[in-house]
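my_file_4.txt (compact mmCIF, C-alpha atoms) appears below.
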```
# COMPACT_ATOMS: atom_id res chain seq x y z
CA MET A 1 4.66 83.48 102.92
CA ARG A 2 2.06 83.88 100.16
CA VAL A 3 1.76 87.03 98.05
CA GLY A 4 -1.29 87.43 95.82
CA VAL A 5 -1.05 88.98 92.36
CA VAL A 6 -4.36 90.21 90.99
CA THR A 7 -5.30 89.81 87.34
CA PHE A 8 -7.92 92.18 85.95
CA PRO A 9 -9.11 92.04 82.33
CA GLY A 10 -6.28 93.82 80.51
CA THR A 11 -3.60 93.40 83.17
CA LEU A 12 -0.18 92.91 81.53
CA ASP A 13 2.43 92.61 84.23
CA ASP A 14 0.93 89.95 86.49
CA ARG A 15 3.46 87.33 85.36
CA ASP A 16 6.45 89.58 85.97
CA ALA A 17 5.01 90.57 89.36
CA ALA A 18 4.57 86.88 90.27
CA ARG A 19 8.13 86.22 89.11
CA ALA A 20 9.41 89.05 91.32
CA VAL A 21 7.51 87.61 94.28
CA GLU A 22 9.14 84.22 93.69
CA TYR A 23 12.60 85.77 93.24
CA ALA A 24 12.12 87.40 96.62
CA GLY A 25 11.46 83.99 98.13
CA ALA A 26 7.67 83.96 98.58
CA GLU A 27 4.95 81.93 96.94
CA ALA A 28 3.04 83.86 94.26
CA VAL A 29 -0.72 83.23 94.29
CA SER A 30 -2.89 84.28 91.33
CA LEU A 31 -5.99 86.22 92.34
CA TRP A 32 -8.87 86.90 89.98
CA HIS A 33 -10.65 90.26 89.84
CA GLY A 34 -14.08 88.66 89.67
CA SER A 35 -13.73 86.79 92.97
CA ASP A 36 -13.65 88.30 96.45
CA ASP A 37 -11.43 85.44 97.70
CA LEU A 38 -7.97 86.54 98.86
CA LYS A 39 -6.98 82.85 99.24
CA HIS A 40 -5.33 83.49 102.62
CA VAL A 41 -2.45 85.47 101.11
CA ASP A 42 -0.27 87.62 103.37
CA ALA A 43 0.08 90.53 100.94
CA VAL A 44 -1.20 91.62 97.53
CA VAL A 45 0.34 93.18 94.42
CA LEU A 46 -1.86 95.02 91.93
CA PRO A 47 0.23 94.85 88.77
CA GLY A 48 0.50 97.15 85.77
CA GLY A 49 -1.30 97.03 82.47
CA PHE A 50 -4.39 98.52 80.92
CA SER A 51 -7.21 97.00 82.91
CA TYR A 52 -10.54 97.45 81.15
CA GLY A 53 -8.60 99.14 78.36
CA ASP A 54 -8.32 102.25 80.57
CA TYR A 55 -12.05 102.79 79.86
CA LEU A 56 -13.77 105.54 81.87
CA ARG A 57 -10.52 106.45 83.68
CA CYS A 58 -7.39 104.35 84.26
CA GLY A 59 -8.16 101.94 87.08
CA ALA A 60 -11.70 103.24 87.65
CA ILE A 61 -13.62 100.11 86.71
CA SER A 62 -11.08 97.77 88.32
CA ALA A 63 -11.35 99.73 91.57
CA LYS A 64 -14.97 98.46 91.81
CA ALA A 65 -14.08 94.79 91.15
CA PRO A 66 -15.16 92.15 93.73
CA ILE A 67 -11.52 91.42 94.68
CA MET A 68 -11.07 95.12 95.52
CA LYS A 69 -13.85 95.02 98.12
CA SER A 70 -11.84 92.39 100.03
CA ILE A 71 -8.56 94.26 99.49
CA ILE A 72 -10.02 97.56 100.73
CA ILE A 73 -11.33 95.96 103.93
CA ALA A 74 -8.03 94.13 104.51
CA ALA A 75 -5.91 97.23 103.73
CA GLU A 76 -7.82 99.24 106.31
CA HIS A 77 -6.63 96.67 108.86
CA GLY A 78 -2.96 96.90 107.86
CA PHE A 79 -2.78 94.27 105.11
CA PRO A 80 0.16 95.01 102.74
CA VAL A 81 -0.86 96.19 99.26
CA LEU A 82 1.50 97.34 96.49
CA GLY A 83 0.02 98.97 93.37
CA ILE A 84 2.36 99.33 90.42
CA CYS A 85 1.47 101.68 87.53
CA ASN A 86 -2.11 100.68 86.65
CA GLY A 87 -2.22 99.15 90.14
CA PHE A 88 -1.37 102.59 91.59
CA GLN A 89 -4.19 104.06 89.50
CA VAL A 90 -6.55 101.41 90.89
CA LEU A 91 -5.49 102.26 94.47
CA ALA A 92 -6.12 105.97 93.86
CA GLU A 93 -9.52 105.25 92.29
CA ALA A 94 -10.34 102.98 95.25
CA HIS A 95 -9.38 105.86 97.60
CA LEU A 96 -6.83 103.71 99.39
CA LEU A 97 -4.34 106.38 98.34
CA PRO A 98 -5.04 110.09 97.84
CA GLY A 99 -4.76 112.02 94.57
CA ALA A 100 -5.18 110.85 90.99
CA LEU A 101 -2.98 109.86 88.07
CA THR A 102 -3.69 112.00 85.02
CA ARG A 103 -2.33 112.31 81.50
CA ASN A 104 1.39 112.95 81.15
CA ALA A 105 2.01 116.66 80.75
CA ASP A 106 3.89 116.33 77.47
CA MET A 107 1.29 114.00 75.87
CA HIS A 108 3.88 111.24 75.41
CA PHE A 109 3.68 107.61 76.38
CA LEU A 110 6.87 107.24 78.41
CA CYS A 111 8.97 104.10 78.15
CA THR A 112 12.39 104.46 79.73
CA ASP A 113 14.63 103.38 82.58
CA GLN A 114 14.04 105.95 85.31
CA THR A 115 16.14 106.92 88.32
CA LEU A 116 14.16 107.38 91.52
CA LYS A 117 15.17 108.58 94.95
CA ILE A 118 13.74 106.64 97.88
CA GLU A 119 12.44 109.02 100.56
CA ASN A 120 10.60 106.76 103.00
CA ASN A 121 11.94 103.39 104.14
CA LYS A 122 9.39 102.90 106.91
CA THR A 123 6.70 101.29 104.76
CA LEU A 124 6.09 97.55 104.49
CA TRP A 125 7.29 97.70 100.88
CA THR A 126 10.37 99.96 101.20
CA ASN A 127 12.04 98.96 104.48
CA GLY A 128 14.99 97.34 102.66
CA PHE A 129 16.08 100.65 101.11
CA SER A 130 17.98 103.47 102.74
CA VAL A 131 16.57 107.00 102.64
CA GLY A 132 18.18 108.94 99.80
CA GLN A 133 19.10 105.76 97.93
CA GLU A 134 18.82 106.12 94.15
CA ILE A 135 17.39 103.22 92.19
CA LEU A 136 17.00 102.58 88.44
CA ILE A 137 13.82 100.84 87.30
CA PRO A 138 11.73 100.87 84.11
CA MET A 139 8.80 103.26 83.69
CA LYS A 140 6.11 102.96 81.02
CA ASN A 141 2.91 104.95 81.17
CA ALA A 142 0.75 107.59 79.51
CA GLU A 143 -1.13 108.60 82.65
CA GLY A 144 1.46 108.78 85.39
CA ASN A 145 1.09 112.46 86.20
CA PHE A 146 0.33 112.48 89.93
CA ASN A 147 -2.17 115.19 90.82
CA CYS A 148 -3.65 116.27 94.12
CA ASP A 149 -4.79 119.51 95.73
CA ASP A 150 -2.49 121.67 97.87
CA ALA A 151 -3.89 120.40 101.17
CA THR A 152 -3.25 116.78 100.17
CA LEU A 153 0.25 117.60 98.95
CA ASN A 154 1.04 119.36 102.23
CA GLU A 155 -0.25 116.36 104.16
CA LEU A 156 1.81 113.91 102.08
CA GLU A 157 4.97 116.00 102.46
CA SER A 158 4.58 116.80 106.16
CA GLU A 159 3.86 113.16 107.03
CA GLY A 160 6.75 111.87 104.89
CA ARG A 161 4.40 109.85 102.74
CA VAL A 162 6.20 110.43 99.44
CA ILE A 163 8.09 107.16 99.13
CA ALA A 164 9.94 107.92 95.88
CA ARG A 165 10.56 110.93 93.65
CA TYR A 166 11.84 111.21 90.09
CA VAL A 167 15.50 112.23 89.85
CA GLY A 168 16.45 114.75 87.16
CA VAL A 169 13.84 116.10 84.77
CA ASN A 170 10.27 115.51 85.95
CA PRO A 171 9.18 113.03 83.25
CA ASN A 172 5.41 113.47 83.32
CA GLY A 173 4.49 116.62 85.22
CA SER A 174 3.74 114.87 88.53
CA ARG A 175 3.27 117.30 91.41
CA ALA A 176 6.53 117.69 93.34
CA GLY A 177 8.09 115.00 91.14
CA ILE A 178 6.17 112.30 93.00
CA ALA A 179 6.69 108.75 91.71
CA GLY A 180 5.14 106.89 94.62
CA ILE A 181 3.26 107.46 97.87
CA THR A 182 2.02 105.50 100.88
CA ASN A 183 -1.02 105.67 103.15
CA LYS A 184 -0.75 106.88 106.75
CA ARG A 185 -0.10 103.42 108.10
CA GLY A 186 2.59 102.51 105.54
CA ASN A 187 0.96 99.25 104.44
CA VAL A 188 -0.43 100.53 101.11
CA VAL A 189 2.10 101.78 98.55
CA GLY A 190 1.51 103.02 95.00
CA LEU A 191 4.37 103.45 92.55
CA MET A 192 4.20 104.52 88.90
CA PRO A 193 7.48 102.91 87.66
CA HIS A 194 7.87 99.12 87.60
CA PRO A 195 10.08 97.42 90.21
CA GLU A 196 8.95 93.97 89.02
CA HIS A 197 10.82 94.55 85.74
CA ALA A 198 14.10 95.25 87.56
CA ILE A 199 14.88 92.07 89.50
CA ASP A 200 17.43 90.37 87.24
CA LEU A 201 20.14 91.89 85.04
CA LEU A 202 19.17 89.54 82.22
CA THR A 203 15.81 91.29 81.80
CA GLY A 204 16.08 94.63 83.57
CA PRO A 205 18.38 97.62 83.98
CA SER A 206 19.18 96.68 87.60
CA LYS A 207 18.07 94.44 90.45
CA ASP A 208 16.90 97.43 92.47
CA GLY A 209 13.22 96.57 92.13
CA LEU A 210 13.58 93.30 94.01
CA THR A 211 13.94 95.21 97.30
CA PHE A 212 10.22 96.17 97.22
CA PHE A 213 9.35 92.48 97.29
CA THR A 214 11.98 91.40 99.83
CA SER A 215 10.92 94.33 102.04
CA VAL A 216 7.40 93.00 102.49
CA LEU A 217 8.72 89.52 103.24
CA HIS A 218 11.06 90.96 105.82
CA ALA A 219 8.26 93.01 107.37
CA MET A 220 5.89 90.04 107.58
CA VAL A 221 8.30 87.53 109.13
CA LYS A 222 9.59 89.97 111.76
CA MET B 223 -38.17 106.27 77.37
CA GLY B 224 -36.26 109.02 79.12
CA LYS B 225 -32.68 110.08 78.85
CA ILE B 226 -30.42 111.33 81.61
CA ILE B 227 -27.20 113.08 80.68
CA VAL B 228 -24.09 113.22 82.83
CA GLU B 229 -21.38 115.60 81.68
CA VAL B 230 -17.92 115.30 83.20
CA MET B 231 -15.13 117.87 82.88
CA LEU B 232 -11.62 118.05 84.31
CA LYS B 233 -11.41 120.75 86.97
CA PRO B 234 -9.95 123.99 85.55
CA GLU B 235 -6.71 123.57 87.50
CA ILE B 236 -6.04 120.09 86.08
CA LEU B 237 -3.87 120.05 82.96
CA ASP B 238 -5.69 118.68 79.90
CA PRO B 239 -3.06 117.58 77.35
CA GLN B 240 -5.78 115.92 75.27
CA GLY B 241 -7.73 119.17 74.91
CA GLN B 242 -4.48 121.04 74.22
CA ALA B 243 -3.58 118.64 71.43
CA VAL B 244 -6.99 119.18 69.84
CA GLY B 245 -6.64 122.94 70.31
CA ASN B 246 -3.22 122.91 68.67
CA ALA B 247 -4.50 120.93 65.69
CA LEU B 248 -7.41 123.25 64.89
CA PRO B 249 -5.35 126.11 63.39
CA ARG B 250 -3.49 123.61 61.22
CA LEU B 251 -6.87 122.80 59.67
CA GLY B 252 -7.62 126.46 59.09
CA PHE B 253 -9.91 126.87 62.13
CA THR B 254 -8.65 129.90 63.95
CA PHE B 255 -11.52 130.56 66.38
CA ALA B 256 -10.22 128.72 69.46
CA GLN B 257 -8.28 130.38 72.28
CA SER B 258 -8.22 127.07 74.11
CA VAL B 259 -9.93 123.69 74.09
CA ARG B 260 -10.74 121.41 77.00
CA GLN B 261 -12.17 117.96 76.43
CA GLY B 262 -14.68 116.19 78.66
CA LYS B 263 -17.03 113.22 78.67
CA ARG B 264 -20.77 112.90 78.15
CA PHE B 265 -22.78 109.90 79.30
CA GLU B 266 -26.23 109.33 77.78
CA ILE B 267 -28.23 107.07 80.06
CA GLU B 268 -31.52 105.66 78.79
CA VAL B 269 -34.13 104.87 81.42
CA ALA B 270 -37.63 103.40 81.31
CA GLY B 271 -40.20 106.19 81.45
CA GLU B 272 -39.71 109.74 82.64
CA PRO B 273 -36.77 110.09 85.07
CA THR B 274 -38.01 110.36 88.66
CA GLN B 275 -36.42 112.38 91.45
CA ALA B 276 -35.29 109.14 93.09
CA MET B 277 -33.69 108.00 89.85
CA LEU B 278 -31.90 111.33 89.44
CA ALA B 279 -30.62 111.08 92.99
CA ASP B 280 -29.23 107.64 92.14
CA VAL B 281 -27.57 108.97 88.98
CA GLU B 282 -26.07 111.79 91.05
CA LYS B 283 -24.65 109.19 93.45
CA ALA B 284 -23.28 107.06 90.58
CA ALA B 285 -21.66 110.15 89.07
CA GLU B 286 -20.10 111.10 92.40
CA GLU B 287 -18.80 107.58 93.09
CA PHE B 288 -17.98 106.25 89.66
CA LEU B 289 -18.68 108.25 86.48
CA ALA B 290 -16.53 111.14 87.69
CA ASN B 291 -13.45 111.20 89.90
CA THR B 292 -14.16 114.26 92.00
CA VAL B 293 -10.47 114.54 92.92
CA ILE B 294 -9.85 115.85 89.40
CA GLU B 295 -13.28 116.25 87.74
CA THR B 296 -16.63 117.98 88.11
CA PHE B 297 -19.96 116.70 86.79
CA VAL B 298 -23.45 117.89 85.88
CA VAL B 299 -26.59 115.71 85.74
CA LYS B 300 -29.35 116.78 83.35
CA VAL B 301 -32.57 115.35 81.92
CA GLU B 302 -32.77 115.45 78.14
CA LYS B 303 -36.15 116.69 76.97
```
What's the structure tokens form of this structure?
Amino acid sequence: MRVGVVTFPGTLDDRDAARAVEYAGAEAVSLWHGSDDLKHVDAVVLPGGFSYGDYLRCGAISAKAPIMKSIIIAAEHGFPVLGICNGFQVLAEAHLLPGALTRNADMHFLCTDQTLKIENNKTLWTNGFSVGQEILIPMKNAEGNFNCDDATLNELESEGRVIARYVGVNPNGSRAGIAGITNKRGNVVGLMPHPEHAIDLLTGPSKDGLTFFTSVLHAMVK
Amino acid sequence: MGKIIVEVMLKPEILDPQGQAVGNALPRLGFTFAQSVRQGKRFEIEVAGEPTQAMLADVEKAAEEFLANTVIETFVVKVEK
């Protein structure tokens, strides 16, 4: 199985994302923002960073990149896409996920290990978790405050599309403590904290993050 | 040469920590006039000749799709005289 990892100008976490893909047992394939070629991968990760220096809005310019045109078409047909941090912002700007990520309520850049509660294990990226499971993974962002209107929030909640929520104090003002969401079909997932940094105890606070990457492998070989 | 202006503001219900930080700093500088501050963006777009209706319609579309995120922002398109 081949999992693509997209590099935009200013992406930081593509190497860690590729490493997580390989730890999970898949082949990591580098994809370039300026090409529309998905290189026959079976899934795609949009990693974290500061693509285009967060110019205009976080993820806004990347959402219009040539590779995103191919990803949007594929995602609409059920292709698995995981957006982490800046990747989540790109997915929201590309309208593959609803809502928007805005500035953290307390003005701080957050950099901490964060406990999350998994609420949906039906998606392609979360099927290895159990509902209610608490995981500890790093979080680092200045614009992770998930915002959406009431109708969208009601839709997300009633359809069980919140995949993970912050445990304890809401770190950034996100509506309903939302850390991650999925689309209706469960193939596109956006998550603000960083599972790719929590796959090995040598470099992360836990190995909890690896389950996102093994989940998609499991889903694809079934 | 003409100039088209696009102004983008966060919707009133969206928290603006950046504007708040500016608003909180003003009194420290002795400026006591502000009850609140919200910060937006202004795009100045130079075009060849006087802006046409078709051009303005295109700018409107670009603002809707790209310059603003209408999930959280509103925008206004104007021609600068």
Pull out every residue of chain B that has at least one atom within 12 Å of chain A, counting all atoms listed in the file, and report them as a PyMOL selection string.
-> chain B and resi 230+232-233+235-244+262-265+285+287-295
Keeping only C-alpha atoms, write the selected residues to a file as a PDB file, in the coordinates of the input.
```pdb
ATOM      1  CA  VAL B 230     -17.920 115.300  83.200  1.00  0.00           C
ATOM      2  CA  LEU B 232     -11.620 118.050  84.310  1.00  0.00           C
ATOM      3  CA  LYS B 233     -11.410 120.750  86.970  1.00  0.00           C
ATOM      4  CA  GLU B 235      -6.710 123.570  87.500  1.00  0.00           C
ATOM      5  CA  ILE B 236      -6.040 120.090  86.080  1.00  0.00           C
ATOM      6  CA  LEU B 237      -3.870 120.050  82.960  1.00  0.00           C
ATOM      7  CA  ASP B 238      -5.690 118.680  79.900  1.00  0.00           C
ATOM      8  CA  PRO B 239      -3.060 117.580  77.350  1.00  0.00           C
ATOM      9  CA  GLN B 240      -5.780 115.920  75.270  1.00  0.00           C
ATOM     10  CA  GLY B 241      -7.730 119.170  74.910  1.00  0.00           C
ATOM     11  CA  GLN B 242      -4.480 121.040  74.220  1.00  0.00           C
ATOM     12  CA  ALA B 243      -3.580 118.640  71.430  1.00  0.00           C
ATOM     13  CA  VAL B 244      -6.990 119.180  69.840  1.00  0.00           C
ATOM     14  CA  GLY B 262     -14.680 116.190  78.660  1.00  0.00           C
ATOM     15  CA  LYS B 263     -17.030 113.220  78.670  1.00  0.00           C
ATOM     16  CA  ARG B 264     -20.770 112.900  78.150  1.00  0.00           C
ATOM     17  CA  PHE B 265     -22.780 109.900  79.300  1.00  0.00           C
ATOM     18  CA  ALA B 285     -21.660 110.150  89.070  1.00  0.00           C
ATOM     19  CA  GLU B 287     -18.800 107.580  93.090  1.00  0.00           C
ATOM     20  CA  PHE B 288     -17.980 106.250  89.660  1.00  0.00           C
ATOM     21  CA  LEU B 289     -18.680 108.250  86.480  1.00  0.00           C
ATOM     22  CA  ALA B 290     -16.530 111.140  87.690  1.00  0.00           C
ATOM     23  CA  ASN B 291     -13.450 111.200  89.900  1.00  0.00           C
ATOM     24  CA  THR B 292     -14.160 114.260  92.000  1.00  0.00           C
ATOM     25  CA  VAL B 293     -10.470 114.540  92.920  1.00  0.00           C
ATOM     26  CA  ILE B 294      -9.850 115.850  89.400  1.00  0.00           C
ATOM     27  CA  GLU B 295     -13.280 116.250  87.740  1.00  0.00           C
TER      28      GLU B 295
END
```
Given the point (13.8, 90.5, 104.4) in the file's coordinates, find the residues that have an atom at most 12 Å from it, counting all atoms listed in the file, and give them as a PDB file with C-alpha atoms, keeping the file's coordinate frame.
```pdb
ATOM      1  CA  MET A   1       4.660  83.480 102.920  1.00  0.00           C
ATOM      2  CA  ALA A  24      12.120  87.400  96.620  1.00  0.00           C
ATOM      3  CA  GLY A  25      11.460  83.990  98.130  1.00  0.00           C
ATOM      4  CA  ALA A  26       7.670  83.960  98.580  1.00  0.00           C
ATOM      5  CA  LEU A 124       6.090  97.550 104.490  1.00  0.00           C
ATOM      6  CA  TRP A 125       7.290  97.700 100.880  1.00  0.00           C
ATOM      7  CA  THR A 126      10.370  99.960 101.200  1.00  0.00           C
ATOM      8  CA  ASN A 127      12.040  98.960 104.480  1.00  0.00           C
ATOM      9  CA  GLY A 128      14.990  97.340 102.660  1.00  0.00           C
ATOM     10  CA  PHE A 129      16.080 100.650 101.110  1.00  0.00           C
ATOM     11  CA  LEU A 210      13.580  93.300  94.010  1.00  0.00           C
ATOM     12  CA  THR A 211      13.940  95.210  97.300  1.00  0.00           C
ATOM     13  CA  PHE A 212      10.220  96.170  97.220  1.00  0.00           C
ATOM     14  CA  PHE A 213       9.350  92.480  97.290  1.00  0.00           C
ATOM     15  CA  THR A 214      11.980  91.400  99.830  1.00  0.00           C
ATOM     16  CA  SER A 215      10.920  94.330 102.040  1.00  0.00           C
ATOM     17  CA  VAL A 216       7.400  93.000 102.490  1.00  0.00           C
ATOM     18  CA  LEU A 217       8.720  89.520 103.240  1.00  0.00           C
ATOM     19  CA  HIS A 218      11.060  90.960 105.820  1.00  0.00           C
ATOM     20  CA  ALA A 219       8.260  93.010 107.370  1.00  0.00           C
ATOM     21  CA  MET A 220       5.890  90.040 107.580  1.00  0.00           C
ATOM     22  CA  VAL A 221       8.300  87.530 109.130  1.00  0.00           C
ATOM     23  CA  LYS A 222       9.590  89.970 111.760  1.00  0.00           C
TER      24      LYS A 222
END
```
Could you list, as a short mmCIF file (atom, residue, chain, number, x, y, z; two decimals) with C-alpha atoms, in the coordinates of the input, every residue within 10 Å of Ala270 of chain B, counting all atoms listed in the file and ignoring same-chain residues fewer than 6 positions away?
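result-v7.cif, freshly written:
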```
data_model
loop_
_atom_site.label_atom_id
_atom_site.label_comp_id
_atom_site.auth_asym_id
_atom_site.auth_seq_id
_atom_site.Cartn_x
_atom_site.Cartn_y
_atom_site.Cartn_z
CA MET B 223 -38.17 106.27 77.37
CA GLY B 224 -36.26 109.02 79.12
CA LYS B 225 -32.68 110.08 78.85
#
```
Name the residues in contact with Asp42 of chain A at a cut-off of 8 Å, using only C-alpha atoms, excluding same-chain residues fewer than 5 positions from it; report them as a PyMOL selection string.
-> chain A and resi 1-4+79-80+220
Å distance separating atom CA of Met231 of chain B from atom CA of Gln261 of chain B, one decimal place |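 Separation of atom CA of Met231 of chain B and atom CA of Gln261 of chain B: 7.1 Å.
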For segment 192-204 of chain A: contacts at 7 Å, only C-alpha atoms, fewer than 3 positions along chain excluded, given as a ChimeraX atom specification | /A:16-17,20,84-85,88,137-140,144,179-180,207-210
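Here atom CA of Glu76 of chain A and atom CA of Glu143 of chain A stand 26.3 Å from one another.
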In Å to one decimal, how far is atom CA of Thr115 of chain A from atom CA of Ser206 of chain A?
-> 10.7 Å
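Proximity ranking of A:Leu136, A:Gly34, A:His40, A:Pro47 relative to Val5 of chain A places A:Pro47 first, based on all atoms listed in the file.
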Centre and size of axis-aligned box enclosing segment 241-257 of chain B plus 4 Å each side, as lines of an AutoDock Vina configuration file:
```
center_x = -7.4
center_y = 124.6
center_z = 67.0
size_x = 16.3
size_y = 19.9
size_z = 23.8
```
A:Tyr52, A:Ile181, A:Leu31, A:Ile135 ranked by distance to Asp14 of chain A, top pick (using only C-alpha atoms) |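 Under the stated criterion, the closest residue is A:Leu31.
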Mind listing whatever residues come within 10 Å of the point (-3.7, 103.8, 98.2)? Use all atoms listed in the file, file coordinates, and give them as an NGL selection string.
-> :A and (72 or 75 or 81-83 or 87-99 or 181-184 or 186-191)
Some atoms are absent from segment 275-283 of chain B, so rebuild all heavy atoms and return them as a PDB file, keeping the file's coordinate frame.
```
ATOM      1  N   GLN B 275     -37.380 111.735  90.544  1.00  0.00           N
ATOM      2  CA  GLN B 275     -36.420 112.380  91.450  1.00  0.00           C
ATOM      3  C   GLN B 275     -35.506 111.355  92.094  1.00  0.00           C
ATOM      4  O   GLN B 275     -34.306 111.577  92.242  1.00  0.00           O
ATOM      5  CB  GLN B 275     -37.171 113.186  92.533  1.00  0.00           C
ATOM      6  CG  GLN B 275     -37.744 114.511  92.041  1.00  0.00           C
ATOM      7  CD  GLN B 275     -36.689 115.387  91.334  1.00  0.00           C
ATOM      8  OE1 GLN B 275     -35.613 115.610  91.848  1.00  0.00           O
ATOM      9  NE2 GLN B 275     -37.029 115.858  90.134  1.00  0.00           N
ATOM     10  N   ALA B 276     -36.087 110.201  92.450  1.00  0.00           N
ATOM     11  CA  ALA B 276     -35.290 109.140  93.090  1.00  0.00           C
ATOM     12  C   ALA B 276     -34.217 108.632  92.126  1.00  0.00           C
ATOM     13  O   ALA B 276     -33.060 108.396  92.507  1.00  0.00           O
ATOM     14  CB  ALA B 276     -36.193 107.998  93.529  1.00  0.00           C
ATOM     15  N   MET B 277     -34.630 108.482  90.863  1.00  0.00           N
ATOM     16  CA  MET B 277     -33.690 108.000  89.850  1.00  0.00           C
ATOM     17  C   MET B 277     -32.553 109.006  89.658  1.00  0.00           C
ATOM     18  O   MET B 277     -31.372 108.648  89.579  1.00  0.00           O
ATOM     19  CB  MET B 277     -34.472 107.826  88.539  1.00  0.00           C
ATOM     20  CG  MET B 277     -33.821 106.934  87.520  1.00  0.00           C
ATOM     21  SD  MET B 277     -34.861 106.932  86.053  1.00  0.00           S
ATOM     22  CE  MET B 277     -35.963 105.585  86.383  1.00  0.00           C
ATOM     23  N   LEU B 278     -32.915 110.287  89.620  1.00  0.00           N
ATOM     24  CA  LEU B 278     -31.900 111.330  89.440  1.00  0.00           C
ATOM     25  C   LEU B 278     -30.935 111.372  90.623  1.00  0.00           C
ATOM     26  O   LEU B 278     -29.733 111.586  90.450  1.00  0.00           O
ATOM     27  CB  LEU B 278     -32.562 112.694  89.240  1.00  0.00           C
ATOM     28  CG  LEU B 278     -33.212 112.878  87.865  1.00  0.00           C
ATOM     29  CD1 LEU B 278     -34.064 114.151  87.842  1.00  0.00           C
ATOM     30  CD2 LEU B 278     -32.168 112.921  86.764  1.00  0.00           C
ATOM     31  N   ALA B 279     -31.485 111.117  91.807  1.00  0.00           N
ATOM     32  CA  ALA B 279     -30.620 111.080  92.990  1.00  0.00           C
ATOM     33  C   ALA B 279     -29.627 109.933  92.886  1.00  0.00           C
ATOM     34  O   ALA B 279     -28.459 110.060  93.260  1.00  0.00           O
ATOM     35  CB  ALA B 279     -31.464 110.955  94.259  1.00  0.00           C
ATOM     36  N   ASP B 280     -30.109 108.795  92.342  1.00  0.00           N
ATOM     37  CA  ASP B 280     -29.230 107.640  92.140  1.00  0.00           C
ATOM     38  C   ASP B 280     -28.142 107.936  91.108  1.00  0.00           C
ATOM     39  O   ASP B 280     -26.981 107.533  91.264  1.00  0.00           O
ATOM     40  CB  ASP B 280     -30.055 106.429  91.660  1.00  0.00           C
ATOM     41  CG  ASP B 280     -30.408 105.510  92.807  1.00  0.00           C
ATOM     42  OD1 ASP B 280     -30.038 105.841  93.952  1.00  0.00           O
ATOM     43  OD2 ASP B 280     -31.040 104.467  92.547  1.00  0.00           O
ATOM     44  N   VAL B 281     -28.540 108.611  90.032  1.00  0.00           N
ATOM     45  CA  VAL B 281     -27.570 108.970  88.980  1.00  0.00           C
ATOM     46  C   VAL B 281     -26.510 109.905  89.573  1.00  0.00           C
ATOM     47  O   VAL B 281     -25.313 109.760  89.322  1.00  0.00           O
ATOM     48  CB  VAL B 281     -28.270 109.619  87.768  1.00  0.00           C
ATOM     49  CG1 VAL B 281     -27.249 110.184  86.793  1.00  0.00           C
ATOM     50  CG2 VAL B 281     -29.169 108.608  87.073  1.00  0.00           C
ATOM     51  N   GLU B 282     -26.982 110.846  90.384  1.00  0.00           N
ATOM     52  CA  GLU B 282     -26.070 111.790  91.050  1.00  0.00           C
ATOM     53  C   GLU B 282     -25.030 111.014  91.884  1.00  0.00           C
ATOM     54  O   GLU B 282     -23.834 111.310  91.850  1.00  0.00           O
ATOM     55  CB  GLU B 282     -26.914 112.700  91.939  1.00  0.00           C
ATOM     56  CG  GLU B 282     -26.197 113.873  92.542  1.00  0.00           C
ATOM     57  CD  GLU B 282     -26.232 115.122  91.653  1.00  0.00           C
ATOM     58  OE1 GLU B 282     -27.061 115.215  90.722  1.00  0.00           O
ATOM     59  OE2 GLU B 282     -25.403 115.995  91.904  1.00  0.00           O
ATOM     60  N   LYS B 283     -25.526 110.002  92.596  1.00  0.00           N
ATOM     61  CA  LYS B 283     -24.650 109.190  93.450  1.00  0.00           C
ATOM     62  C   LYS B 283     -23.641 108.397  92.586  1.00  0.00           C
ATOM     63  O   LYS B 283     -22.448 108.316  92.906  1.00  0.00           O
ATOM     64  CB  LYS B 283     -25.522 108.236  94.269  1.00  0.00           C
ATOM     65  CG  LYS B 283     -24.823 107.515  95.377  1.00  0.00           C
ATOM     66  CD  LYS B 283     -25.846 107.013  96.413  1.00  0.00           C
ATOM     67  CE  LYS B 283     -25.174 106.225  97.521  1.00  0.00           C
ATOM     68  NZ  LYS B 283     -24.960 104.809  97.179  1.00  0.00           N
TER      69      LYS B 283
END
```
